[in-house]
$ cat protein20.tsv   # TSV, C-alpha atoms
chain	number	residue	atom	x	y	z
A	260	MET	CA	-41.94	-82.15	-28.93
A	261	PRO	CA	-39.55	-79.21	-29.19
A	262	LEU	CA	-40.00	-76.51	-31.81
A	263	PHE	CA	-36.40	-77.02	-32.86
A	264	GLU	CA	-33.80	-79.66	-32.06
A	265	ASP	CA	-30.42	-80.45	-33.52
A	266	THR	CA	-28.13	-83.26	-32.39
A	267	PHE	CA	-25.62	-82.30	-35.08
A	268	THR	CA	-25.54	-85.75	-36.62
A	269	GLY	CA	-24.42	-86.25	-40.18
A	270	ALA	CA	-21.36	-85.69	-42.27
A	271	ALA	CA	-18.90	-82.90	-41.60
A	272	ALA	CA	-20.44	-79.72	-42.98
A	273	ASP	CA	-21.08	-76.06	-42.24
A	274	LEU	CA	-23.91	-75.55	-39.74
A	275	VAL	CA	-25.69	-73.22	-42.16
A	276	GLY	CA	-27.04	-75.60	-44.77
A	277	HIS	CA	-27.34	-78.52	-42.35
A	278	THR	CA	-30.89	-79.76	-41.66
A	279	PRO	CA	-31.78	-80.08	-37.94
A	280	ASP	CA	-33.61	-83.09	-36.47
A	281	THR	CA	-36.66	-80.91	-35.78
A	282	GLY	CA	-37.24	-77.48	-37.29
A	283	THR	CA	-36.27	-76.28	-40.73
A	284	SER	CA	-32.82	-74.72	-40.95
A	285	TRP	CA	-30.00	-72.59	-39.61
A	286	THR	CA	-29.44	-69.06	-40.97
A	287	SER	CA	-26.29	-67.00	-40.55
A	288	VAL	CA	-26.86	-63.67	-38.80
A	289	ALA	CA	-23.24	-62.54	-38.48
A	290	LEU	CA	-20.09	-64.12	-39.84
A	291	THR	CA	-16.45	-63.08	-39.63
A	292	THR	CA	-14.22	-65.65	-41.35
A	293	ASN	CA	-14.48	-68.73	-39.09
A	294	LYS	CA	-17.73	-70.71	-39.23
A	295	LEU	CA	-19.82	-72.93	-37.00
A	296	ARG	CA	-19.42	-76.43	-38.38
A	297	LEU	CA	-20.41	-80.06	-37.71
A	298	ASP	CA	-17.38	-82.27	-37.23
A	299	GLY	CA	-19.05	-85.43	-38.55
A	300	GLY	CA	-19.01	-87.01	-35.09
A	301	GLY	CA	-22.07	-85.38	-33.56
A	302	ILE	CA	-20.40	-82.17	-32.40
A	303	CYS	CA	-20.83	-78.59	-33.54
A	304	ARG	CA	-17.92	-76.21	-33.00
A	305	ILE	CA	-16.13	-73.37	-34.71
A	306	ASN	CA	-14.05	-74.67	-37.61
A	307	SER	CA	-10.82	-73.02	-36.46
A	308	THR	CA	-9.43	-70.94	-33.61
A	309	GLY	CA	-9.07	-67.27	-34.54
A	310	THR	CA	-8.78	-63.72	-33.27
A	311	SER	CA	-11.84	-61.47	-33.70
A	312	GLN	CA	-13.57	-64.15	-35.73
A	313	GLY	CA	-16.73	-66.15	-35.26
A	314	GLN	CA	-20.31	-66.75	-36.28
A	315	LEU	CA	-23.84	-66.14	-35.01
A	316	ALA	CA	-26.59	-68.35	-36.47
A	317	LYS	CA	-30.32	-68.41	-35.79
A	318	ALA	CA	-32.61	-71.44	-35.62
A	319	ASP	CA	-35.60	-71.50	-37.99
A	320	PRO	CA	-38.56	-71.32	-37.77
A	321	ALA	CA	-39.25	-68.46	-35.41
A	322	PRO	CA	-41.30	-69.37	-32.32
A	323	SER	CA	-44.96	-68.29	-32.28
A	324	VAL	CA	-44.71	-66.78	-28.77
A	325	ASN	CA	-42.05	-64.66	-27.06
A	326	GLU	CA	-41.68	-67.01	-24.08
A	327	TYR	CA	-39.42	-69.94	-24.85
A	328	ASP	CA	-36.37	-71.90	-23.68
A	329	VAL	CA	-33.08	-72.20	-25.54
A	330	SER	CA	-30.88	-75.08	-24.35
A	331	ALA	CA	-27.57	-76.61	-25.33
A	332	THR	CA	-25.54	-79.55	-24.12
A	333	MET	CA	-22.00	-78.26	-24.29
A	334	TRP	CA	-18.56	-78.42	-22.72
A	335	ASN	CA	-15.20	-76.66	-22.62
A	336	ASN	CA	-12.26	-77.87	-20.55
A	337	ALA	CA	-9.97	-75.02	-21.56
A	338	THR	CA	-8.19	-73.11	-18.81
A	339	THR	CA	-7.67	-70.00	-20.87
A	340	ASN	CA	-7.48	-66.41	-19.73
A	341	ALA	CA	-8.95	-65.04	-22.94
A	342	ASN	CA	-12.07	-63.43	-24.32
A	343	GLN	CA	-13.46	-66.49	-26.11
A	344	PRO	CA	-17.25	-66.42	-25.65
A	345	PHE	CA	-19.95	-68.96	-26.35
A	346	ARG	CA	-23.56	-67.70	-26.38
A	347	LEU	CA	-27.17	-68.81	-26.54
A	348	HIS	CA	-29.48	-66.11	-27.90
A	349	ALA	CA	-33.20	-65.37	-27.64
A	350	ARG	CA	-35.66	-62.72	-28.82
A	351	MET	CA	-33.06	-61.92	-31.47
A	352	THR	CA	-34.33	-59.69	-34.26
A	353	ASP	CA	-30.87	-59.10	-35.77
A	354	ALA	CA	-27.21	-58.98	-34.75
A	355	SER	CA	-27.83	-55.76	-32.81
A	356	ASN	CA	-30.84	-56.78	-30.71
A	357	TYR	CA	-31.12	-59.84	-28.45
A	358	TYR	CA	-30.90	-61.39	-25.00
A	359	ALA	CA	-28.07	-63.87	-24.54
A	360	VAL	CA	-26.32	-65.95	-21.96
A	361	ARG	CA	-22.59	-65.49	-22.58
A	362	ARG	CA	-20.02	-67.95	-21.24
A	363	TYR	CA	-16.26	-67.62	-21.09
A	364	PRO	CA	-13.38	-70.04	-20.48
A	365	ARG	CA	-13.23	-70.71	-16.77
A	366	ASP	CA	-9.96	-68.88	-16.12
A	367	TYR	CA	-10.92	-65.65	-17.89
A	368	THR	CA	-10.69	-62.60	-15.67
A	369	VAL	CA	-14.42	-61.96	-16.08
A	370	ASN	CA	-16.99	-64.09	-14.23
A	371	ASP	CA	-17.68	-67.13	-16.40
A	372	THR	CA	-21.38	-66.48	-17.07
A	373	GLU	CA	-23.20	-63.30	-18.02
A	374	LEU	CA	-26.81	-62.62	-18.91
A	375	ILE	CA	-26.76	-59.74	-21.37
A	376	LYS	CA	-29.12	-57.66	-23.46
A	377	LYS	CA	-28.09	-55.98	-26.67
A	378	VAL	CA	-30.34	-53.11	-27.71
A	379	SER	CA	-29.61	-51.10	-30.85
A	380	GLY	CA	-26.07	-52.42	-30.81
A	381	THR	CA	-25.25	-51.63	-27.15
A	382	VAL	CA	-24.48	-54.57	-24.85
A	383	THR	CA	-25.54	-54.23	-21.22
A	384	VAL	CA	-24.72	-56.87	-18.62
A	385	LEU	CA	-27.82	-57.71	-16.57
A	386	THR	CA	-26.21	-60.30	-14.32
A	387	SER	CA	-22.69	-61.67	-13.96
A	388	ALA	CA	-21.53	-64.58	-11.83
A	389	ASP	CA	-19.08	-67.46	-11.60
A	390	VAL	CA	-21.24	-70.50	-12.25
A	391	GLY	CA	-18.44	-72.99	-12.90
A	392	SER	CA	-18.54	-76.53	-14.32
A	393	TYR	CA	-17.83	-76.94	-18.00
A	394	GLY	CA	-17.71	-80.73	-17.91
A	395	PHE	CA	-18.94	-82.98	-20.67
A	396	GLY	CA	-22.74	-83.04	-20.77
A	397	THR	CA	-23.29	-79.68	-19.08
A	398	VAL	CA	-26.74	-78.43	-20.04
A	399	LEU	CA	-27.03	-74.67	-20.29
A	400	LYS	CA	-30.55	-73.25	-20.59
A	401	LEU	CA	-31.71	-69.69	-21.24
A	402	GLU	CA	-35.32	-69.38	-20.09
A	403	ILE	CA	-37.17	-66.38	-21.51
A	404	ARG	CA	-40.36	-65.29	-19.76
A	405	THR	CA	-41.97	-61.86	-19.53
A	406	ALA	CA	-41.45	-61.76	-15.77
A	407	ALA	CA	-37.88	-63.01	-15.72
A	408	LYS	CA	-34.95	-64.15	-17.84
A	409	LYS	CA	-33.19	-67.06	-16.17
A	410	VAL	CA	-30.08	-69.14	-16.74
A	411	TYR	CA	-30.06	-72.77	-15.63
A	412	GLN	CA	-27.10	-75.09	-15.56
A	413	SER	CA	-27.95	-78.79	-15.57
A	414	GLY	CA	-31.38	-78.00	-14.13
A	415	VAL	CA	-30.26	-75.61	-11.38
A	416	GLU	CA	-31.18	-71.92	-11.58
A	417	LYS	CA	-28.00	-69.84	-11.53
A	418	LEU	CA	-28.92	-66.32	-12.72
A	419	SER	CA	-32.15	-64.35	-12.96
A	420	SER	CA	-33.14	-60.88	-14.11
A	421	GLY	CA	-36.47	-59.04	-14.14
A	422	ASP	CA	-35.48	-57.16	-17.31
A	423	ASP	CA	-38.06	-57.14	-20.12
A	424	SER	CA	-36.90	-54.32	-22.32
A	425	ILE	CA	-36.79	-56.57	-25.42
A	426	THR	CA	-40.30	-57.93	-26.04
A	427	ALA	CA	-40.21	-59.07	-29.68
A	428	ILE	CA	-40.58	-62.80	-30.37
A	429	GLY	CA	-37.41	-62.71	-32.38
A	430	GLN	CA	-35.52	-65.95	-32.84
A	431	PRO	CA	-33.22	-68.19	-30.83
A	432	GLY	CA	-29.62	-68.62	-31.88
A	433	LEU	CA	-26.13	-69.83	-31.18
A	434	SER	CA	-22.76	-68.09	-31.47
A	435	ILE	CA	-19.08	-68.56	-30.78
A	436	GLY	CA	-16.53	-65.75	-30.82
A	437	TYR	CA	-16.89	-62.41	-32.57
A	438	ILE	CA	-20.26	-60.97	-33.57
A	439	ASP	CA	-19.38	-57.28	-33.93
A	440	ALA	CA	-17.38	-54.59	-32.16
A	441	ALA	CA	-20.01	-54.30	-29.43
A	442	ASP	CA	-20.13	-58.03	-28.69
A	443	ALA	CA	-16.60	-58.94	-29.65
A	444	GLY	CA	-14.36	-61.84	-28.82
A	445	ASN	CA	-12.22	-64.56	-30.26
A	446	CYS	CA	-13.33	-68.01	-31.32
A	447	HIS	CA	-11.85	-71.27	-30.09
A	448	THR	CA	-12.45	-74.89	-31.02
A	449	ASP	CA	-12.56	-75.80	-27.33
A	450	TRP	CA	-16.28	-74.93	-27.26
A	451	GLN	CA	-18.20	-78.07	-28.24
A	452	ILE	CA	-21.97	-78.38	-28.56
A	453	ASN	CA	-23.73	-81.75	-28.64
A	454	THR	CA	-27.37	-80.68	-28.79
A	455	PHE	CA	-29.33	-77.47	-29.29
A	456	THR	CA	-33.04	-77.30	-28.44
A	457	VAL	CA	-35.81	-74.70	-28.51
A	458	ASP	CA	-39.04	-75.26	-26.56
A	459	GLU	CA	-41.96	-72.85	-26.68
A	460	PHE	CA	-43.61	-72.01	-23.36
A	461	ILE	CA	-47.38	-72.00	-23.43
A	462	ALA	CA	-48.96	-70.40	-20.36
A	463	ALA	CA	-51.42	-72.52	-18.38
A	464	GLY	CA	-54.94	-72.23	-19.78
A	465	GLN	CA	-53.73	-71.26	-23.25
A	466	PRO	CA	-52.92	-74.48	-25.07
A	467	ILE	CA	-52.35	-73.72	-28.75
A	468	ALA	CA	-53.83	-77.07	-29.77
A	469	MET	CA	-57.01	-76.28	-27.84
A	470	ARG	CA	-57.38	-72.92	-29.58
A	471	HIS	CA	-56.89	-74.28	-33.06
A	472	VAL	CA	-58.42	-77.74	-32.95
A	473	PHE	CA	-61.02	-78.16	-30.27
A	474	VAL	CA	-62.80	-74.83	-30.03
A	475	PRO	CA	-65.15	-75.39	-33.01
A	476	TYR	CA	-66.44	-78.63	-31.47
A	477	MET	CA	-66.97	-77.39	-27.93
A	478	GLY	CA	-70.01	-75.84	-26.31
A	479	THR	CA	-70.26	-72.21	-25.29
A	480	HIS	CA	-68.52	-72.71	-21.97
A	481	GLY	CA	-65.69	-74.74	-23.47
A	482	ALA	CA	-65.22	-72.36	-26.37
A	483	ARG	CA	-64.81	-69.47	-23.98
A	484	LEU	CA	-62.17	-71.32	-22.00
A	485	GLY	CA	-60.36	-72.58	-25.06
A	486	GLY	CA	-60.39	-69.24	-26.79
A	487	ARG	CA	-58.54	-67.38	-24.08
B	291	MET	CA	-16.55	-64.89	5.95
B	292	ALA	CA	-19.89	-66.07	4.63
B	293	ILE	CA	-21.41	-65.15	1.30
B	294	THR	CA	-24.09	-62.49	1.73
B	295	TYR	CA	-26.14	-60.19	-0.48
B	296	ARG	CA	-26.49	-56.40	-0.50
B	297	TRP	CA	-28.48	-54.00	-2.69
B	298	TYR	CA	-26.59	-51.07	-4.21
B	299	ILE	CA	-27.35	-47.89	-6.13
B	300	CYS	CA	-24.45	-47.00	-8.41
B	301	PRO	CA	-23.53	-45.38	-11.74
B	302	VAL	CA	-23.67	-47.29	-15.02
B	303	VAL	CA	-20.17	-47.53	-16.50
B	304	THR	CA	-18.61	-48.83	-19.71
B	305	GLN	CA	-15.63	-51.06	-19.01
B	306	THR	CA	-13.03	-52.13	-21.59
B	307	ILE	CA	-10.99	-55.23	-20.71
B	308	PRO	CA	-8.01	-56.01	-22.96
B	309	ASP	CA	-7.59	-59.62	-23.96
B	310	PRO	CA	-4.40	-60.99	-22.31
B	311	ASN	CA	-3.56	-62.83	-25.54
B	312	GLY	CA	-3.87	-59.83	-27.82
B	313	GLY	CA	-7.35	-60.60	-29.07
B	314	ALA	CA	-10.43	-58.43	-29.13
B	315	ASP	CA	-11.19	-56.22	-26.14
B	316	LEU	CA	-14.25	-56.99	-24.10
B	317	VAL	CA	-16.45	-53.90	-23.83
B	318	ARG	CA	-19.19	-54.11	-21.23
B	319	ARG	CA	-21.83	-51.62	-20.08
B	320	LEU	CA	-22.66	-52.60	-16.53
B	321	PRO	CA	-23.23	-51.38	-12.95
B	322	LYS	CA	-20.11	-49.89	-11.43
B	323	VAL	CA	-20.28	-52.53	-8.69
B	324	GLY	CA	-19.65	-55.16	-11.37
B	325	SER	CA	-16.52	-53.41	-12.63
B	326	LEU	CA	-14.69	-53.64	-9.29
B	327	ILE	CA	-12.64	-56.62	-8.11
B	328	GLU	CA	-13.76	-58.54	-5.04
B	329	PRO	CA	-10.73	-58.99	-2.74
B	330	GLY	CA	-9.93	-62.60	-2.02
B	331	ARG	CA	-11.91	-64.01	-4.93
B	332	GLY	CA	-9.90	-61.91	-7.37
B	333	LYS	CA	-12.70	-61.53	-9.90
B	334	TYR	CA	-15.29	-58.88	-10.58
B	335	TYR	CA	-18.17	-58.67	-8.12
B	336	GLN	CA	-21.12	-60.90	-8.98
B	337	PHE	CA	-24.38	-59.02	-9.43
B	338	SER	CA	-27.87	-58.91	-10.90
B	339	ALA	CA	-29.15	-55.46	-11.85
B	340	ALA	CA	-32.09	-53.31	-12.85
B	341	ILE	CA	-30.24	-51.41	-15.57
B	342	ASP	CA	-31.42	-49.60	-18.70
B	343	ALA	CA	-31.16	-46.13	-20.22
B	344	PRO	CA	-30.56	-44.05	-17.03
B	345	ASN	CA	-26.95	-43.41	-16.03
B	346	TRP	CA	-27.58	-45.03	-12.63
B	347	CYS	CA	-28.92	-48.46	-11.72
B	348	VAL	CA	-29.82	-50.77	-8.85
B	349	ALA	CA	-27.99	-54.05	-8.28
B	350	ILE	CA	-27.96	-56.92	-5.84
B	351	VAL	CA	-24.37	-58.04	-5.17
B	352	LYS	CA	-23.28	-61.45	-3.90
B	353	ALA	CA	-19.93	-61.48	-2.09
B	354	GLU	CA	-17.92	-62.47	0.95
B	355	ASP	CA	-15.94	-59.23	1.05
B	356	PHE	CA	-17.63	-55.92	0.25
B	357	SER	CA	-14.66	-53.74	1.20
B	358	ALA	CA	-13.94	-52.58	-2.37
B	359	LEU	CA	-17.52	-51.38	-2.67
B	360	ASP	CA	-17.44	-49.79	0.77
B	361	ALA	CA	-14.38	-47.81	-0.35
B	362	ASP	CA	-16.12	-46.37	-3.42
B	363	PRO	CA	-18.37	-43.42	-2.56
B	364	GLN	CA	-20.34	-43.89	-5.80
B	365	CYS	CA	-21.52	-47.35	-4.69
B	366	ILE	CA	-24.27	-46.78	-2.14
B	367	ASP	CA	-25.41	-49.61	0.10
B	368	LEU	CA	-29.11	-48.90	-0.30
B	369	LEU	CA	-30.45	-50.87	2.68
B	370	GLU	CA	-27.31	-50.59	4.85
B	371	SER	CA	-27.75	-54.28	5.61
B	372	ALA	CA	-26.99	-57.67	4.16
B	373	VAL	CA	-30.11	-59.52	3.02
B	374	ASN	CA	-30.91	-63.04	1.99
B	375	ALA	CA	-31.17	-63.49	-1.76
B	376	ASP	CA	-34.94	-63.47	-1.65
B	377	GLY	CA	-36.12	-64.76	1.70
B	378	GLU	CA	-36.18	-61.38	3.37
B	379	LEU	CA	-38.02	-59.48	0.66
B	380	ALA	CA	-41.31	-60.32	2.37
B	381	GLN	CA	-40.10	-58.92	5.69
B	382	THR	CA	-40.59	-55.35	6.85
B	383	PRO	CA	-38.07	-52.94	8.38
B	384	ARG	CA	-39.96	-53.22	11.66
B	385	GLN	CA	-39.65	-57.02	11.65
B	386	LEU	CA	-35.94	-56.68	10.94
B	387	GLY	CA	-35.50	-54.26	13.83
B	388	TRP	CA	-34.64	-51.23	11.73
B	389	ASN	CA	-35.41	-47.83	13.23
B	390	ALA	CA	-37.15	-44.79	11.74
B	391	ALA	CA	-33.88	-42.95	11.18
B	392	LYS	CA	-32.57	-45.76	8.96
B	393	LEU	CA	-35.82	-45.89	7.00
B	394	LEU	CA	-35.61	-42.13	6.53
B	395	ARG	CA	-32.13	-42.45	5.02
B	396	ILE	CA	-33.39	-45.14	2.63
B	397	ARG	CA	-36.42	-43.03	1.68
B	398	ASN	CA	-34.10	-40.08	1.00
B	399	ARG	CA	-31.95	-42.19	-1.33
B	400	LEU	CA	-35.06	-43.08	-3.29
B	401	ALA	CA	-36.43	-39.53	-3.31
B	402	ASP	CA	-33.06	-38.19	-4.53
B	403	ARG	CA	-33.57	-40.30	-7.67
B	404	GLY	CA	-37.12	-39.17	-8.30
B	405	VAL	CA	-38.80	-42.24	-6.82
B	406	ASP	CA	-42.29	-41.90	-5.35
B	407	ILE	CA	-41.85	-42.67	-1.65
B	408	SER	CA	-45.43	-42.07	-0.56
B	409	GLY	CA	-46.74	-44.81	1.70
B	410	LEU	CA	-43.35	-46.37	2.45
B	411	THR	CA	-43.26	-47.02	6.19
B	412	LEU	CA	-41.61	-49.34	8.68
B	413	ASP	CA	-44.36	-51.82	7.76
B	414	SER	CA	-43.68	-51.84	4.00
B	415	ASP	CA	-41.93	-55.04	3.00
B	416	LEU	CA	-38.46	-54.84	1.46
B	417	GLY	CA	-39.76	-56.13	-1.87
B	418	THR	CA	-42.09	-53.14	-2.12
B	419	ILE	CA	-39.32	-50.69	-1.21
B	420	LEU	CA	-36.92	-52.21	-3.74
B	421	ASP	CA	-39.56	-52.45	-6.47
B	422	ARG	CA	-40.17	-48.70	-6.19
B	423	ILE	CA	-36.60	-47.86	-7.16
B	424	CYS	CA	-36.08	-50.76	-9.60
B	425	GLN	CA	-39.21	-49.72	-11.48
B	426	LYS	CA	-37.84	-46.20	-11.81
B	427	VAL	CA	-35.23	-47.83	-14.06
B	428	LEU	CA	-37.48	-50.43	-15.73
B	429	PRO	CA	-41.25	-50.16	-15.09
B	430	ARG	CA	-41.88	-53.92	-15.22
B	431	PHE	CA	-38.86	-54.92	-13.15
B	432	ARG	CA	-39.47	-56.81	-9.90
B	433	ALA	CA	-36.73	-57.11	-7.29
B	434	LYS	CA	-37.65	-60.73	-6.55
B	435	HIS	CA	-36.54	-61.71	-10.07
B	436	ALA	CA	-33.01	-60.34	-9.61
B	437	ARG	CA	-31.10	-63.29	-8.22
B	438	LEU	CA	-27.76	-64.98	-8.47
$ encode --input "protein20.tsv" --output "structure tokens"
Amino acid sequence: MPLFEDTFTGAAADLVGHTPDTGTSWTSVALTTNKLRLDGGGICRINSTGTSQGQLAKADPAPSVNEYDVSATMWNNATTNANQPFRLHARMTDASNYYAVRRYPRDYTVNDTELIKKVSGTVTVLTSADVGSYGFGTVLKLEIRTAAKKVYQSGVEKLSSGDDSITAIGQPGLSIGYIDAADAGNCHTDWQINTFTVDEFIAAGQPIAMRHVFVPYMGTHGARLGGR
Amino acid sequence: MAITYRWYICPVVTQTIPDPNGGADLVRRLPKVGSLIEPGRGKYYQFSAAIDAPNWCVAIVKAEDFSALDADPQCIDLLESAVNADGELAQTPRQLGWNAAKLLRIRNRLADRGVDISGLTLDSDLGTILDRICQKVLPRFRAKHARL
């Protein structure tokens, strides 16, 4: 069962204030005029196209470990040469510190997919490539592990970086358009998100349930295994 | 031409790209190799980099045409050879037929950037050689995790 899942079902409403299927809530981290909003038909998108506008929201609760996956089923058929980003965030402590996969309309002059880190407000591009395919049902996943940060598209690894300069658990999030001057852009209603999911990664041999539930009832050998 | 991969040492630059429709500029801090246009494809070179606070970085670049990088003296082809994305990292210079003079040039590029080159020989695998310089930028970085 995921830590957080939202299929954006329900009446048309702002994303912040909407209750996800699993998890507790969405919280706004940065907002400039235009908002992320449910359209009432199972889609989340920005409420209106705009220049230097947009919203970044985080998914609550925070994960308990700093290795987790952030996924979204999304699409965008726009052939626009414009800076109109969509992002999935991880290890985000605030609007100035996070990892993110950043996607652009397919005809933008920049490669369509970037893995970035933002540290104390400075954005650095770790990897940049043309991944392609924005069709309906495209699943974009940002996998955060200590050893590597990877981007998958519909199950296929596309980008990878060995960077680990942000180690905080932080929180996962979602954004379209402008966050601040360092991670700027314009928002567009072409970006549509059907699902958003967060899964914690538990390393082999360290099942959380084992630590919390079974250890008191196990013998010495089992307790040692379960406690590590 | 086929798509191949090369490892580069280059400066870190800040690039500002105006929005064609009058919207917000895109400001990116990235390896210089990623700020240059690949001929033919017409977009910026695709890369994955070990990049952090230093004003230089290490990047693997995926391209068919490297001529724009070859023309820039600040973009240094670290290994002087195309490599597979990850398959060759376990191979050694000796297995790849490189000579001592080429290894010496590579060692000098590392030493010029303060990298410990002790023990690097024709029998050191490429992953070890690349990790030495990547970890000068980010101590926990491993070359095998930089892929695209």
$ residues_around --input "protein20.tsv" --residues "Leu274 in chain A" --least-positions-apart "5" --cutoff "8 Å" --atoms "all atoms listed in the file" --output "PyMOL selection string"
chain A and resi 285+294-297+303
$ interface_residues --input "protein20.tsv" --of "chain A" --to "chain B" --cutoff "8 Å" --atoms "all atoms listed in the file" --output "PDB file with C-alpha atoms, in the coordinates of the input"
ATOM      1  CA  THR A 310      -8.780 -63.720 -33.270  1.00  0.00           C
ATOM      2  CA  SER A 311     -11.840 -61.470 -33.700  1.00  0.00           C
ATOM      3  CA  ASN A 340      -7.480 -66.410 -19.730  1.00  0.00           C
ATOM      4  CA  ALA A 341      -8.950 -65.040 -22.940  1.00  0.00           C
ATOM      5  CA  ASN A 342     -12.070 -63.430 -24.320  1.00  0.00           C
ATOM      6  CA  THR A 368     -10.690 -62.600 -15.670  1.00  0.00           C
ATOM      7  CA  VAL A 369     -14.420 -61.960 -16.080  1.00  0.00           C
ATOM      8  CA  ASN A 370     -16.990 -64.090 -14.230  1.00  0.00           C
ATOM      9  CA  THR A 381     -25.250 -51.630 -27.150  1.00  0.00           C
ATOM     10  CA  VAL A 382     -24.480 -54.570 -24.850  1.00  0.00           C
ATOM     11  CA  THR A 383     -25.540 -54.230 -21.220  1.00  0.00           C
ATOM     12  CA  VAL A 384     -24.720 -56.870 -18.620  1.00  0.00           C
ATOM     13  CA  LEU A 385     -27.820 -57.710 -16.570  1.00  0.00           C
ATOM     14  CA  THR A 386     -26.210 -60.300 -14.320  1.00  0.00           C
ATOM     15  CA  SER A 387     -22.690 -61.670 -13.960  1.00  0.00           C
ATOM     16  CA  ALA A 388     -21.530 -64.580 -11.830  1.00  0.00           C
ATOM     17  CA  ASP A 389     -19.080 -67.460 -11.600  1.00  0.00           C
ATOM     18  CA  ALA A 406     -41.450 -61.760 -15.770  1.00  0.00           C
ATOM     19  CA  ALA A 407     -37.880 -63.010 -15.720  1.00  0.00           C
ATOM     20  CA  LYS A 417     -28.000 -69.840 -11.530  1.00  0.00           C
ATOM     21  CA  LEU A 418     -28.920 -66.320 -12.720  1.00  0.00           C
ATOM     22  CA  SER A 419     -32.150 -64.350 -12.960  1.00  0.00           C
ATOM     23  CA  SER A 420     -33.140 -60.880 -14.110  1.00  0.00           C
ATOM     24  CA  GLY A 421     -36.470 -59.040 -14.140  1.00  0.00           C
ATOM     25  CA  ASP A 422     -35.480 -57.160 -17.310  1.00  0.00           C
ATOM     26  CA  ASP A 423     -38.060 -57.140 -20.120  1.00  0.00           C
ATOM     27  CA  SER A 424     -36.900 -54.320 -22.320  1.00  0.00           C
ATOM     28  CA  ALA A 441     -20.010 -54.300 -29.430  1.00  0.00           C
ATOM     29  CA  ASP A 442     -20.130 -58.030 -28.690  1.00  0.00           C
ATOM     30  CA  ALA A 443     -16.600 -58.940 -29.650  1.00  0.00           C
ATOM     31  CA  GLY A 444     -14.360 -61.840 -28.820  1.00  0.00           C
ATOM     32  CA  ASN A 445     -12.220 -64.560 -30.260  1.00  0.00           C
TER      33      ASN A 445
END
$ residues_around --input "protein20.tsv" --residues "Asp355 in chain B" --least-positions-apart "5" --cutoff "10 Å" --atoms "all atoms listed in the file" --output "list in words"
Met291, Ala292, Ile293, Thr294, Glu328, Pro329, Gly330, Arg331, Tyr335 and Asp360 of chain B
$ axis_aligned_box --input "protein20.tsv" --around "range 390-396 of chain B" --padding-each-side "4 Å" --output "JSON"
{"center_x": -34.6, "center_y": -44.0, "center_z": 7.2, "size_x": 13.0, "size_y": 11.8, "size_z": 17.1}
$ residues_around --input "protein20.tsv" --residues "Val360 in chain A" --least-positions-apart "2" --cutoff "6 Å" --atoms "all atoms listed in the file" --output "mmCIF file with C-alpha atoms, in the frame of the given file"
data_model
loop_
_atom_site.group_PDB
_atom_site.id
_atom_site.type_symbol
_atom_site.label_atom_id
_atom_site.label_comp_id
_atom_site.auth_asym_id
_atom_site.auth_seq_id
_atom_site.Cartn_x
_atom_site.Cartn_y
_atom_site.Cartn_z
ATOM 1 C CA ARG A 346 -23.560 -67.700 -26.380
ATOM 2 C CA LEU A 347 -27.170 -68.810 -26.540
ATOM 3 C CA GLU A 373 -23.200 -63.300 -18.020
ATOM 4 C CA LEU A 374 -26.810 -62.620 -18.910
#
$ closest_residue --input "protein20.tsv" --among "B:Asn374, B:Val348, B:Ala353, B:Gly387" --to "Arg422 in chain B" --atoms "all atoms listed in the file"
B:Val348
$ residues_around --input "protein20.tsv" --residues "Tyr358 in chain A" --least-positions-apart "4" --cutoff "7 Å" --atoms "all atoms listed in the file" --output "ChimeraX atom specification"
/A:348-351,375-377
$ write_last_selection --input "protein20.tsv" --atoms "C-alpha atoms" --output "short mmCIF file (atom, residue, chain, number, x, y, z; two decimals), keeping the file's coordinate frame"
data_model
loop_
_atom_site.label_atom_id
_atom_site.label_comp_id
_atom_site.auth_asym_id
_atom_site.auth_seq_id
_atom_site.Cartn_x
_atom_site.Cartn_y
_atom_site.Cartn_z
CA HIS A 348 -29.48 -66.11 -27.90
CA ALA A 349 -33.20 -65.37 -27.64
CA ARG A 350 -35.66 -62.72 -28.82
CA MET A 351 -33.06 -61.92 -31.47
CA ILE A 375 -26.76 -59.74 -21.37
CA LYS A 376 -29.12 -57.66 -23.46
CA LYS A 377 -28.09 -55.98 -26.67
#
